[in-house]
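Asker: What follows is the file work_9.txt, containing compact mmCIF, C-alpha atoms and all ligand atoms:
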```
# COMPACT_ATOMS: atom_id res chain seq x y z
CA MET A 51 72.52 114.97 81.95
CA ASN A 52 76.13 114.66 83.05
CA LEU A 53 77.36 112.00 85.49
CA THR A 54 77.11 114.24 88.56
CA GLU A 55 73.50 115.17 87.69
CA LYS A 56 72.63 111.49 87.18
CA ILE A 57 74.13 110.67 90.58
CA GLU A 58 72.14 113.49 92.20
CA GLN A 59 68.94 112.25 90.61
CA LEU A 60 69.48 108.64 91.78
CA LYS A 61 70.37 109.86 95.26
CA LYS A 62 67.04 111.66 95.53
CA GLU A 63 65.02 108.80 94.06
CA LYS A 64 66.58 106.20 96.33
CA LYS A 65 67.07 108.29 99.51
CA ALA A 66 70.79 107.70 99.38
CA VAL A 67 73.70 109.63 100.85
CA ILE A 68 77.35 109.50 99.83
CA LEU A 69 79.92 109.31 102.61
CA ALA A 70 83.50 109.70 101.40
CA HIS A 71 86.79 109.15 103.17
CA ASN A 72 89.35 111.98 103.16
CA TYR A 73 91.50 109.94 100.70
CA GLN A 74 88.88 109.77 97.97
CA ARG A 75 89.42 111.32 94.55
CA PRO A 76 88.75 115.12 94.52
CA GLU A 77 85.67 114.80 92.28
CA ILE A 78 84.16 112.30 94.76
CA GLN A 79 84.89 114.52 97.77
CA ASP A 80 83.20 117.38 95.89
CA ILE A 81 79.90 115.51 95.36
CA ALA A 82 79.87 113.68 98.73
CA ASP A 83 77.29 114.62 101.35
CA TYR A 84 79.96 114.17 104.00
CA THR A 85 83.75 113.73 103.96
CA GLY A 86 85.70 112.61 107.01
CA ASP A 87 88.12 110.27 108.76
CA SER A 88 87.18 106.74 109.73
CA ILE A 89 85.52 107.57 113.07
CA GLU A 90 83.64 110.58 111.70
CA LEU A 91 82.27 108.51 108.81
CA SER A 92 80.94 105.78 111.08
CA ARG A 93 79.37 108.39 113.37
CA GLN A 94 77.84 110.22 110.41
CA ALA A 95 76.44 106.96 109.01
CA ALA A 96 74.45 106.57 112.23
CA GLU A 97 73.25 110.21 112.00
CA GLU A 98 71.72 109.73 108.54
CA LYS A 99 68.29 108.81 109.96
CA ASN A 100 66.34 109.46 106.75
CA ALA A 101 68.69 107.62 104.41
CA LYS A 102 67.86 104.18 103.08
CA ILE A 103 71.14 103.71 101.24
CA LEU A 104 74.65 104.66 102.35
CA VAL A 105 77.16 104.79 99.53
CA PHE A 106 80.42 104.34 101.42
CA SER A 107 83.16 105.66 99.18
CA ALA A 108 86.10 104.24 101.10
CA VAL A 109 87.50 100.72 101.70
CA ASP A 110 86.00 97.43 102.90
CA PHE A 111 86.47 97.67 106.68
CA MET A 112 84.91 101.15 106.84
CA ALA A 113 81.83 100.00 104.89
CA GLU A 114 81.61 96.93 107.14
CA SER A 115 81.59 99.11 110.26
CA ALA A 116 78.79 101.19 108.73
CA ALA A 117 76.81 98.00 108.01
CA ILE A 118 77.36 96.75 111.58
CA LEU A 119 76.18 100.03 113.10
CA ASN A 120 73.27 100.49 110.65
CA PRO A 121 71.77 97.05 110.00
CA GLU A 122 68.53 98.58 108.72
CA LYS A 123 70.29 100.44 105.90
CA THR A 124 71.74 99.24 102.62
CA VAL A 125 75.49 99.90 102.61
CA LEU A 126 77.17 100.01 99.21
CA LEU A 127 80.89 99.96 98.43
CA PRO A 128 81.28 101.45 94.91
CA SER A 129 84.25 99.22 94.07
CA SER A 130 84.19 95.66 95.41
CA GLY A 131 87.99 95.61 95.07
CA ALA A 132 88.52 98.53 97.47
CA ARG A 133 90.07 96.47 100.26
CA CYS A 134 92.58 97.68 102.81
CA PRO A 135 95.65 95.41 102.71
CA MET A 136 96.48 96.24 106.32
CA ALA A 137 93.12 94.87 107.46
CA GLN A 138 93.95 91.60 105.66
CA MET A 139 97.14 91.25 107.72
CA LEU A 140 95.26 90.19 110.83
CA PRO A 141 92.63 87.55 110.00
CA LEU A 142 90.53 85.87 112.69
CA THR A 143 92.79 82.78 112.84
CA GLN A 144 95.80 84.99 113.63
CA VAL A 145 93.88 86.94 116.27
CA LYS A 146 92.95 83.69 118.00
CA MET A 147 96.54 82.47 117.83
CA TRP A 148 97.90 85.64 119.48
CA LYS A 149 95.20 85.59 122.16
CA LYS A 150 96.16 82.01 122.99
CA LYS A 151 99.79 83.07 123.31
CA TYR A 152 98.93 85.97 125.64
CA PRO A 153 95.69 84.85 127.34
CA LYS A 154 95.73 87.49 130.12
CA ILE A 155 96.55 90.56 128.03
CA PRO A 156 93.66 92.70 126.70
CA LEU A 157 93.46 93.07 122.92
CA VAL A 158 92.73 96.41 121.26
CA LEU A 159 92.16 96.39 117.50
CA TYR A 160 92.53 99.28 115.09
CA VAL A 161 89.29 99.72 113.13
CA ASN A 162 91.38 98.80 110.07
CA THR A 163 90.46 95.13 110.61
CA LEU A 164 87.72 92.92 109.22
CA ALA A 165 84.51 92.42 111.22
CA GLU A 166 85.41 88.80 112.08
CA ALA A 167 88.65 89.90 113.75
CA LYS A 168 86.80 92.60 115.72
CA THR A 169 84.65 89.90 117.38
CA GLU A 170 87.68 88.80 119.41
CA CYS A 171 88.84 92.13 120.80
CA GLU A 172 88.01 94.03 123.95
CA VAL A 173 87.60 97.35 122.16
CA CYS A 174 88.39 99.02 118.82
CA CYS A 175 90.11 102.33 118.19
CA THR A 176 90.90 104.65 115.28
CA SER A 177 94.03 106.73 114.77
CA ALA A 178 92.07 109.70 116.16
CA ASN A 179 91.33 108.07 119.53
CA ALA A 180 93.90 105.25 119.98
CA VAL A 181 95.72 107.07 122.81
CA GLU A 182 92.47 107.86 124.65
CA VAL A 183 91.24 104.25 124.33
CA ILE A 184 94.52 102.67 125.50
CA LYS A 185 94.73 105.10 128.46
CA ALA A 186 91.18 104.17 129.49
CA ILE A 187 91.95 100.45 129.74
CA ASP A 188 92.99 99.28 133.16
CA ALA A 189 96.15 97.42 132.09
CA ASP A 190 99.84 98.31 131.68
CA THR A 191 100.46 95.86 128.83
CA LEU A 192 98.20 95.47 125.81
CA LEU A 193 98.06 93.56 122.54
CA PHE A 194 97.45 95.86 119.59
CA GLY A 195 97.04 95.20 115.87
CA PRO A 196 97.49 95.28 112.99
CA ASP A 197 99.51 98.51 112.61
CA THR A 198 102.98 98.38 114.23
CA ASN A 199 103.57 102.11 113.65
CA LEU A 200 100.35 103.16 115.37
CA ALA A 201 101.28 100.72 118.17
CA TRP A 202 104.64 102.50 118.50
CA TYR A 203 102.93 105.91 118.58
CA VAL A 204 100.51 104.82 121.29
CA GLN A 205 103.33 103.33 123.37
CA GLN A 206 105.21 106.66 123.25
CA LYS A 207 102.11 108.65 124.23
CA THR A 208 100.82 106.40 127.02
CA GLY A 209 103.98 104.85 128.48
CA LYS A 210 102.19 101.47 128.43
CA LYS A 211 103.78 98.37 126.93
CA ILE A 212 102.17 97.63 123.57
CA ILE A 213 102.73 94.24 121.95
CA PRO A 214 102.07 94.65 118.19
CA ILE A 215 100.30 91.80 116.43
CA PRO A 216 101.25 90.62 113.91
CA PRO A 217 104.82 91.90 114.49
CA GLY A 218 105.46 94.16 111.50
CA GLY A 219 101.85 94.82 110.36
CA PHE A 220 101.82 97.96 108.20
CA CYS A 221 100.07 100.20 105.69
CA PRO A 222 101.86 99.87 102.34
CA THR A 223 100.97 103.47 101.43
CA HIS A 224 102.21 105.11 104.63
CA LEU A 225 105.41 103.08 104.50
CA LEU A 226 106.35 105.06 101.37
CA PHE A 227 106.82 108.27 103.34
CA MET A 228 110.47 108.90 104.23
CA LYS A 229 111.99 111.27 106.74
CA GLU A 230 114.48 112.57 104.11
CA ASP A 231 111.71 113.53 101.65
CA ALA A 232 109.66 115.28 104.34
CA LEU A 233 112.68 117.26 105.57
CA LEU A 234 113.59 118.26 102.02
CA ARG A 235 110.03 119.53 101.39
CA LYS A 236 110.18 121.46 104.68
CA GLN A 237 113.41 123.13 103.58
CA GLU A 238 112.07 123.89 100.08
CA HIS A 239 108.99 125.57 101.50
CA SER A 240 110.35 128.05 104.06
CA ASN A 241 110.42 125.81 107.09
CA ALA A 242 106.87 124.52 106.62
CA VAL A 243 105.10 122.67 109.44
CA ILE A 244 105.22 118.85 109.06
CA MET A 245 101.96 116.93 109.72
CA VAL A 246 102.23 113.14 109.94
CA HIS A 247 99.72 110.27 110.15
CA PRO A 248 100.61 107.75 112.90
CA GLU A 249 100.64 104.95 110.31
CA CYS A 250 103.98 106.42 109.13
CA SER A 251 107.18 104.86 110.46
CA PRO A 252 108.67 106.08 113.79
CA ASP A 253 111.48 108.08 112.15
CA VAL A 254 108.90 110.10 110.17
CA GLN A 255 106.80 110.56 113.31
CA GLU A 256 109.88 111.83 115.16
CA ILE A 257 110.31 114.84 112.82
CA ALA A 258 106.59 115.76 112.92
CA ASP A 259 105.27 119.05 114.29
CA PHE A 260 101.84 117.41 114.51
CA ILE A 261 100.70 113.77 114.46
CA GLY A 262 97.04 112.86 114.00
CA SER A 263 94.27 111.26 111.99
CA THR A 264 93.31 112.75 108.62
CA SER A 265 90.55 114.96 110.06
CA GLN A 266 92.70 115.96 113.03
CA MET A 267 95.25 117.26 110.49
CA CYS A 268 92.47 119.32 108.84
CA LYS A 269 91.56 120.86 112.21
CA TYR A 270 95.19 121.50 113.08
CA ALA A 271 95.89 123.22 109.74
CA LYS A 272 92.78 125.40 110.06
CA ASN A 273 93.66 126.60 113.57
CA SER A 274 97.39 126.99 112.98
CA SER A 275 98.94 130.41 112.37
CA SER A 276 101.41 128.76 109.96
CA GLN A 277 101.03 129.35 106.23
CA ARG A 278 102.80 126.26 104.80
CA PHE A 279 102.40 122.57 105.58
CA VAL A 280 104.14 119.38 104.50
CA VAL A 281 101.69 116.49 104.68
CA ALA A 282 102.79 112.88 105.31
CA THR A 283 99.64 110.91 104.56
CA GLU A 284 97.74 109.69 101.49
CA THR A 285 97.69 112.48 98.89
CA GLY A 286 93.86 112.61 98.71
CA LEU A 287 93.82 114.67 101.91
CA LEU A 288 95.53 117.56 100.10
CA HIS A 289 92.30 118.32 98.21
CA ARG A 290 90.32 118.91 101.40
CA LEU A 291 93.16 120.82 103.06
CA LYS A 292 93.47 123.20 100.09
CA LYS A 293 89.70 123.64 99.75
CA GLU A 294 89.24 124.50 103.43
CA ASN A 295 92.30 126.75 103.60
CA PRO A 296 92.56 128.62 100.27
CA ASN A 297 95.13 131.05 101.66
CA LYS A 298 97.51 128.41 102.98
CA GLU A 299 99.92 126.14 101.09
CA PHE A 300 100.05 122.35 101.33
CA TYR A 301 102.72 120.04 99.92
CA SER A 302 102.75 116.26 99.96
CA ALA A 303 105.81 114.85 101.72
CA TYR A 304 105.86 112.28 98.89
CA GLU A 305 103.59 112.53 95.88
CA GLY A 306 103.74 108.79 95.28
CA GLY A 307 101.95 108.28 98.63
CA VAL A 308 98.73 107.09 96.99
CA CYS A 309 96.46 104.31 98.31
CA PRO A 310 95.49 102.36 95.16
CA ASN A 311 92.65 100.68 97.04
CA MET A 312 90.99 103.96 98.03
CA LYS A 313 91.39 105.22 94.48
CA LEU A 314 89.44 102.29 93.00
CA ASN A 315 86.26 104.23 93.71
CA THR A 316 85.36 106.56 90.84
CA LEU A 317 82.35 108.74 89.94
CA GLU A 318 81.34 106.09 87.37
CA ARG A 319 81.41 103.37 90.00
CA ILE A 320 79.37 105.50 92.40
CA TYR A 321 76.78 105.99 89.67
CA LEU A 322 76.66 102.24 88.94
CA ALA A 323 76.51 101.39 92.65
CA LEU A 324 73.45 103.62 93.02
CA LYS A 325 71.83 102.26 89.87
CA THR A 326 72.38 98.55 90.55
CA GLU A 327 72.54 98.74 94.40
CA GLN A 328 75.79 96.79 94.29
CA THR A 329 78.24 95.97 95.89
CA ARG A 330 76.19 95.50 99.02
CA ILE A 331 78.20 95.03 102.22
CA THR A 332 76.60 92.72 104.77
CA VAL A 333 77.93 91.16 107.95
CA PRO A 334 76.47 87.94 109.42
CA ALA A 335 74.31 88.75 112.47
CA ALA A 336 76.42 86.83 115.01
CA VAL A 337 79.63 88.51 113.82
CA ALA A 338 77.94 91.92 113.65
CA LYS A 339 76.67 91.66 117.23
CA LYS A 340 80.12 91.07 118.75
CA ALA A 341 81.91 93.53 116.46
CA LYS A 342 79.28 96.15 117.34
CA ASP A 343 80.07 95.71 121.05
CA ALA A 344 83.76 96.44 120.35
CA LEU A 345 82.87 99.54 118.30
CA GLU A 346 80.33 100.83 120.82
CA LYS A 347 82.78 100.39 123.68
CA MET A 348 85.17 102.63 121.72
CA TYR A 349 82.47 105.34 121.54
CA LYS A 350 81.80 104.97 125.27
CA LEU A 351 85.48 105.35 126.20
CA THR A 352 86.04 108.41 124.02
CA SER A 353 84.47 111.82 123.84
P1 LIG B 1 91.90 108.07 109.34
O1 LIG B 1 91.01 107.46 110.36
O2 LIG B 1 92.94 108.97 109.91
O3 LIG B 1 91.13 108.76 108.28
O4 LIG B 1 92.76 106.90 108.67
C1 LIG B 1 92.21 105.80 108.05
C2 LIG B 1 93.22 105.13 107.22
O5 LIG B 1 92.94 104.14 106.57
C3 LIG B 1 94.54 105.67 107.18
O6 LIG B 1 95.31 105.01 106.25
FE1 LIG B 2 94.56 100.74 104.27
FE2 LIG B 2 96.75 102.22 104.13
FE3 LIG B 2 94.91 102.47 102.26
FE4 LIG B 2 94.47 103.37 104.76
S1 LIG B 2 95.96 104.13 103.27
S2 LIG B 2 93.06 102.20 103.51
S3 LIG B 2 95.54 101.80 105.96
S4 LIG B 2 96.14 100.66 102.69
```
What does the file become when written as structure tokens?

Answerer:
Amino acid sequence: MNLTEKIEQLKKEKKAVILAHNYQRPEIQDIADYTGDSIELSRQAAEEKNAKILVFSAVDFMAESAAILNPEKTVLLPSSGARCPMAQMLPLTQVKMWKKKYPKIPLVLYVNTLAEAKTECEVCCTSANAVEVIKAIDADTLLFGPDTNLAWYVQQKTGKKIIPIPPGGFCPTHLLFMKEDALLRKQEHSNAVIMVHPECSPDVQEIADFIGSTSQMCKYAKNSSSQRFVVATETGLLHRLKKENPNKEFYSAYEGGVCPNMKLNTLERIYLALKTEQTRITVPAAVAKKAKDALEKMYKLTS
């Protein structure tokens, strides 16, 4: 039996499903039961009523959200080292410090945070719904963390004052995308459409034809009459874009735009995770309860 067949067999035996983020390696996306952006994955995790095990092929905070929303299921992260460095930029101590500094200003946290940090916020958001969430909050000034670039995007779209915490929080992968590279690719490929993730810096966002989450880019590309696209987000998304649109062309704005943390998950590690039921992601009940409130409020405020 090859590795894929062994994975399939274990999945059946253990009633497991594999949920993979859009940045996962192509061979993982191809065997996953579901591939999506961060909000779609957490929604799908809740839909998997018959599953006992969720193999969350993504990074730590996404698996934590799945564990918070599905306490009765076993949530496995194939590589224990798959941690999002941006989520580490805003630990609980920092969140408390900023709240003390601005006691009257509501705090919205990007889902790219650890569960402990989420316990202190009013509501969470993803890149797909950040604008909708911020608009729905009855305040003109908000604290937002940890991504300064997403904070900038939301401020442009809502006209509200967004105070980024910590000042300068960023995704190391999206910071690699440069306006010059994207414009060069556009020129090389007959004036291709530029799609940009809002974790990219403001000057890259400013040259975008479309800005959105990973799955929003997939929808945009599918519905667009354009034939060629330059993509400014982690290169893993190119696999899904090409698979869903075989007659269109996709070019990475920068081929070095790889998230090493996302890529720690491999088919071998998925197989071992299923076999050993490790690494199990759990969240202490008191933390999970408060973090769940922040996540559920996000669902309530958005369609
Ligand atoms: P999406 O929600 O757009 O998939 O983004 C998650 C992420 O980590 C981007 O770097
Ligand atoms: Fe975190 Fe950036 Fe990797 Fe997304 S791409 S998981 S924000 S480091």

Asker: Could the residues that lie within 8 Å of ligand LIG 2 (chain B), counting all atoms listed in the file, be listed as a PyMOL selection string?

Answerer: chain A and resi 73+108-109+133-137+162+220-224+249+283-284+308-312

Asker: So how far away is CA of Ala178 in chain A from CA of Pro216 in chain A, in Å?

Answerer: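 Separation between CA of Pro216 in chain A and CA of Ala178 in chain A: 21.3 Å.
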
Asker: Please determine an axis-aligned box that encloses all atoms of ligand LIG 1 (chain B) listed in the file, with 3 Å added on each side, and express its centre and edge lengths in Å to one decimal as lines of an AutoDock Vina configuration file.

Answerer:
```
center_x = 93.2
center_y = 106.6
center_z = 108.3
size_x = 10.3
size_y = 10.8
size_z = 10.1
```

Asker: Considering all atoms listed in the file, can you say which of A:Ala116, A:Met51, A:Leu200, A:Val333 comes closest to ligand LIG 1 (chain B)?

Answerer: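 Closest to ligand LIG 1 (chain B) of all the choices is A:Leu200.
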
Asker: Just the residues within 8 Å of Lys229 in chain A, please, counting all atoms listed in the file, with nothing from its chain fewer than 6 positions along; format it as a list in words.

Answerer: Asp253, Val254 and Ile257 of chain A

Asker: For a test of reading the model, state the distance in Å between CA of Ile261 in chain A and atom O6 of ligand LIG 1 (chain B), rounded to one decimal.

Answerer: 13.2 Å
